[in-house]
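K.L.:
The structure is given below, and queries will be raised subsequently.
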Amino acid sequence: METLLAAFDLVFRFEVMLVILGACVFGIFAGAMPGISATVAVALLVPVTFFMEPVAALAAIATAVAMAIFAGDLPGALLRIPGMPASAAYAEEAHEMTLKGQGGTVLMTSLLCSVMGGFVGTMALAFSAPWLAEFALQFQFFEYFWLACIGLSTAALVSASNPAKGMISLSIGLLLATVGFDMISGAPRFTFGSLHLMEGIHFIPVMIGVFAVAEVLRSLTHPASDRREHAHVQRIDLRAALATIWRYKANIGRGSGIGTLIGALPGAGSDIASWVSYALARRFSKTPEKFGTGHPEGIVAASSSNNAATSSTWVPSLVFGIPGDSVTAIVIGVLFLKGLEPGPLVFVENAPLVFSIFVSFFIANLFLIPVGYVAIRLASQLLRVPNTVLMPIVLLFTLVGAFAINNSTMGIIVALVGGVVSFFMQENDFPVAPLILGMVIGTLLEQNFMQGMIAKGGDLTAFFGRPIAATLGVITILIWVTPLIAAARRWRQMQTRHGGPGAMPHRNSAGNPTAG
Amino acid sequence: MKSMRTAVGAIAIGVMATLTLGVGAAAADWPDRPITLIVPWGVGGGTDIVARTLAAQMEPALGQPVNVVNRTGGSGIVGHTAMATADPDGYTIGTINVDLSQLVCQGMTDLTADEFTHIALINTEPAAVSVGAGSDFETLEEALDAIRDNPPGTYTASGSGTGSIYHLAWAGLMVTAGIDPGRVTWVPSDGGGPSLQDAASGAVDFVTPPLSTAAPLVEAGKTRPLATMGSDRFSRLPEVPTIEEAIGEAWTSQTWRMIGAPKGLPDDVRDKLTAAVRAAFDSQPFTDFMNERGFALTWMGSEDAKAFHASEDSAICEVMKAAGMI
């Protein structure tokens with residue numbers, strides 16, 4: 001209790017509050033720009049934090065990331081251009097709602113869910129960090145492999161209107177993820193002797209191309225007059241937002257829980273948490289057929305999930321000094337710089353400071369509500385801007401972002417090529433979100449499979465050799481097999497009906513392997 | 001709007017002036033614009049954070065900001081190449097890492113020590129041998145005996161990618177102890193941090209990241225260090241012996257970080273840069289940062305750094321040949 005009071009004393013000061021507010025505004029801009037990832041935003045903040053006290057410095061980083069993860073939804077919902085990879089899973093769904101004139105409401109829903117997810121993640125960080133860290137340390141190559149498999153399976157659920165085209169899109173993403181130096185063999189792959197391709201293809205420029213550049217092209221070929229007629233006015237209906245949240249409260253709980261667990265794993269983060277939560281929301285939904293038509297259920301789950309993950313990502317960094325993602329890798333540097341050495345003793349030796357970080361997480365989440373509200377109001381005005389003005393600006397900003405990722409023109413080329421490819425894919429009803437998923441998960445999947453196989457000398461049973469791995473493996477296989485069984489059953493019923501009462505469905509179904 | 005136009009005009013004039021005056025005039029009034037420091041690794045990594053802290057402290061000495069730019073990929077080839085092929089005008093400098101010597105030996109790049117102007121060496125970081133808390137091994141001696149007595153492939157080791165400095169550190173230790181490096185399977189990983197996690201979870205038997213990285217996990221009781229590959233013990237974990245103390249054979253292996261520039265940099269600009277790096281190296285914020293992080297402060301001036309880089313180019317290649325890594 002004394003610790004907590006000391007922590008409050010450290011946080012509730014004018015400078016710290018001012019820093020949190022400033023970081024909120026900064027996070028909005030960073031998150032809404034498709035080219036600025038949470039990592040880049042934090043890297044930009046670091047030199048500024050040199051001049052701050054420890055609490056203010058860490059609060060600034062935590063706030064900016066929480067805000068940026070929400071702000072990624074703004075262009076995602078309004079323009080169908082997700083500002084963050086973590087928003088890519090449900091950008092299309094949110095945009096459908098904007099076309100119905102519900103853009104303000106869906107963003108408000110997403111904002112409040114982000115705040116609640118952030119609270120859950122922070123509570124988990126404050127009260128179960130050591131336990132969560134133990135859990136994360138149980139994960140070996142095999143567990144990560146299955147987690148990646150579950151992540152991949154979500155592509156089929158996200159693109160259920162046409163699973164085959166979804167799989168093709170996913171495969172393109174997986175292929176792109178193999179370009180560059182192979183970590184396992186040290187050999188370059190698909191580089192054609194080009195130094196630039198050796199770097200690998202960074203997925204942020206691809207995301208910029210696939211969503212932003214393609215959207216600019218679409219606006220040329222599909223003049224917006226009829227599509228955006230209703231979209232000019234985006235009222236924020238707070239009552240509707242609260243009603244939605246209440247109706248799908250189970251999704252907030254599940255999304256936040258999944259986000260917290262996945263975020264605590266080094267090597268997975270808010271991106272993957274967001275996809276898995278969206279897919280599970282659909283899996284357990286009473287009305288899965290509404291997904292993809294502007295239905296808020298999945299958005300509720302995913303936006304609470306990715307914000308929960310941003311808090312729990314700090315767990316392995318604080319407890320073991322192992323960064324959960326590139327943001328916390330920078331955070332570890334700042335921790336050292338502020339004389340806070342990560343380790344299990346940090347909760348004992350520096351208790352007031354550590355708890356003040358948690359308190360500042362809470363404050364940051366509270367600040368999200370008013371700042372986020374203003375941002376939604378302002379961003380909604382974007383839709384009043386004529387396309388002929390808006391789209392060139394979008395193109396300019398996103399290409400600058402694509403360049404800034406590596407300070408190389410390669411990013412711009414990748415974004416432009418990705419945009420043209422994505423445009424043609426979308427014109428032919430290919431979903432493009434699975435492509436991004438493939439790029440996010442491809443490396444995780446391949447590396448852990450290869451590492452596991454090398455460590456165990458190629459023994460495939462190792463994938464079921466440990467309790468967590470076996471459980472995750474069985475879940476994965478069930479996810480894959482269930483639709484096949486369901487399809488087989490439907491086919492059998494159809495056979496029974498067509499064949500009349502005397503038909504022999506058993507022999508029929510057994511004799512035809514193409515039932516799925 | 002008007003002020004913007006003026007600013008654009010000023011920049012345009014500045015650019016033209018630079019172009020017409022060219023490199024020749026640069027030395028006298030160098031530096032008259034910001035300097036770019038290329039880091040071939042990602043934001044937040046060890047090299048990045050050292051470079052950023054150093055760069056911030058170089059500004060007072062130079063009177064111009066030093067901007068860190070990350071050019072990642074290709075195991076560092078991309079960034080190192082970008083720096084080495086820039087104009088030797090003193091406005092593009094960069095970090096040079098030990099990894100480059102290995103890439104040269106593997107034939108992945110031609111960037112030997114001759115391709116650079118060396119400004120200074122600022123840091124060396126010894127590798128170390130650690131095991132997970134669940135491991136049977138309490139000393140390096142026991143571990144090496146077990147590797148000798150069991151069939152090849154019984155044990156696994158990790159630390160970074162195949163052919164990386166940490167792989168080399170391990171292979172060199174095996175060769176020094178008279179063991180065929182092939183007896184232990186090398187599991188490539190994404191770097192020191194992830195490999196330590198693999199040791200803690202029991203996924204691999206031995207890992208080789210430096211003790212500065214491993215310290216939090218050691219203090220948490222999740223990993224156990226057996227020996228450090230430095231010539232001296234590590235101050236934060238003074239009970240960990242050096243390799244020589246542990247097995248009686250001398251073997252050291254360390255990563256190092258230098259600040260360099262493209263070859264052909266004028267001598268007076270080089271000397272000014274060395275002086276600026278030295279001022280930053282001695283500054284309180286930088287030494288505080290390095291000490292807190294557990295990074296060793298090691299200094300070599302321009303000539304020493306060049307000689308050391310050249311000696312590493314050949315020494316690393318010898319170990320790699322002996323270990324059968326090329």
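Ordered as shown in the structure tokens, chains take letters A, B, and onward, while each chain numbers its residues from 1 and ligands are numbered from 1 in the order shown.
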Taking only C-alpha atoms into account and nothing else, which residues of chain A lie no more than 6 Å away from chain B? Please answer as a PDB file with C-alpha atoms, in the first residue's frame.
P.N.:
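Resulting contents of iface_8.pdb:
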ATOM      1  CA  LEU A 137       9.382 -18.996 -20.550  1.00  0.00           C
ATOM      2  CA  GLN A 138       7.593 -22.347 -21.014  1.00  0.00           C
ATOM      3  CA  GLN A 140       9.833 -23.454 -26.889  1.00  0.00           C
ATOM      4  CA  PHE A 181      18.793 -13.860 -45.959  1.00  0.00           C
ATOM      5  CA  MET A 183      18.565 -17.090 -40.817  1.00  0.00           C
ATOM      6  CA  ILE A 184      18.920 -20.873 -40.615  1.00  0.00           C
ATOM      7  CA  MET A 198      18.933  -9.202 -49.233  1.00  0.00           C
ATOM      8  CA  GLU A 199      17.389  -7.012 -46.558  1.00  0.00           C
ATOM      9  CA  PHE A 320      13.897 -11.144 -17.627  1.00  0.00           C
ATOM     10  CA  GLY A 321      15.326  -8.387 -19.779  1.00  0.00           C
ATOM     11  CA  ILE A 322      14.067 -10.179 -22.907  1.00  0.00           C
ATOM     12  CA  ALA A 329      13.674  -3.595 -27.043  1.00  0.00           C
ATOM     13  CA  ILE A 330      13.935   0.193 -27.075  1.00  0.00           C
ATOM     14  CA  PHE A 336      18.926   0.963 -18.250  1.00  0.00           C
ATOM     15  CA  LEU A 337      19.457   4.602 -19.044  1.00  0.00           C
ATOM     16  CA  GLY A 343      15.264  -8.497 -13.607  1.00  0.00           C
ATOM     17  CA  PRO A 344      13.031 -10.246 -11.092  1.00  0.00           C
ATOM     18  CA  ASN A 406      14.756   1.941 -43.966  1.00  0.00           C
ATOM     19  CA  GLN A 451      14.911 -24.557 -35.086  1.00  0.00           C
TER      20      GLN A 451
END
K.L.:
Quick one: everything within 12 Å of Ala128 of chain B, counting only C-alpha atoms, minus sequence neighbours fewer than 3 positions away in the same chain. Send it as a ChimeraX atom specification.
P.N.:
/B:125,131,140,158-159,165-170,173,192,196,206-215,224-234,237,240-243,246,251-255
K.L.:
Let me make sure I understand: among B:Ala261, B:Leu103, B:Val269, B:Ala322, which one has the smallest atom-to-atom distance to His118 of chain B if we use only C-alpha atoms?
P.N.:
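The shortest atom-to-atom distance to His118 of chain B comes from B:Ala261.
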K.L.:
From a DSSP pass on the backbone, collect the residues of segment 26-118 of chain B flagged as helix (DSSP H, G or I) and hand them back as a PyMOL selection string.
P.N.:
chain B and resi 26-29+46-62+74-84+99-105+113-115
K.L.:
Fewer than 4 positions away in the same chain doesn't count, so skip those; otherwise give me all residues within 10 Å of Gly104 of chain A, counting only C-alpha atoms, as a PyMOL selection string.
P.N.:
chain A and resi 74+77-78+97-98+108-110+233-238+241+373+376-377+379-380
K.L.:
Name the residues in contact with Gln57 of chain B at a cut-off of 9 Å, using only C-alpha atoms, excluding same-chain residues fewer than 2 positions from it; report them as a PyMOL selection string.
P.N.:
chain B and resi 52-55+59-61+66+276-277+279-281+283+285-286
K.L.:
Would you mind reading off the distance between atom CA of Leu152 of chain A and atom CA of Val440 of chain A, one decimal, in Å?
P.N.:
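Here the two named atoms are 9.7 Å from each other.
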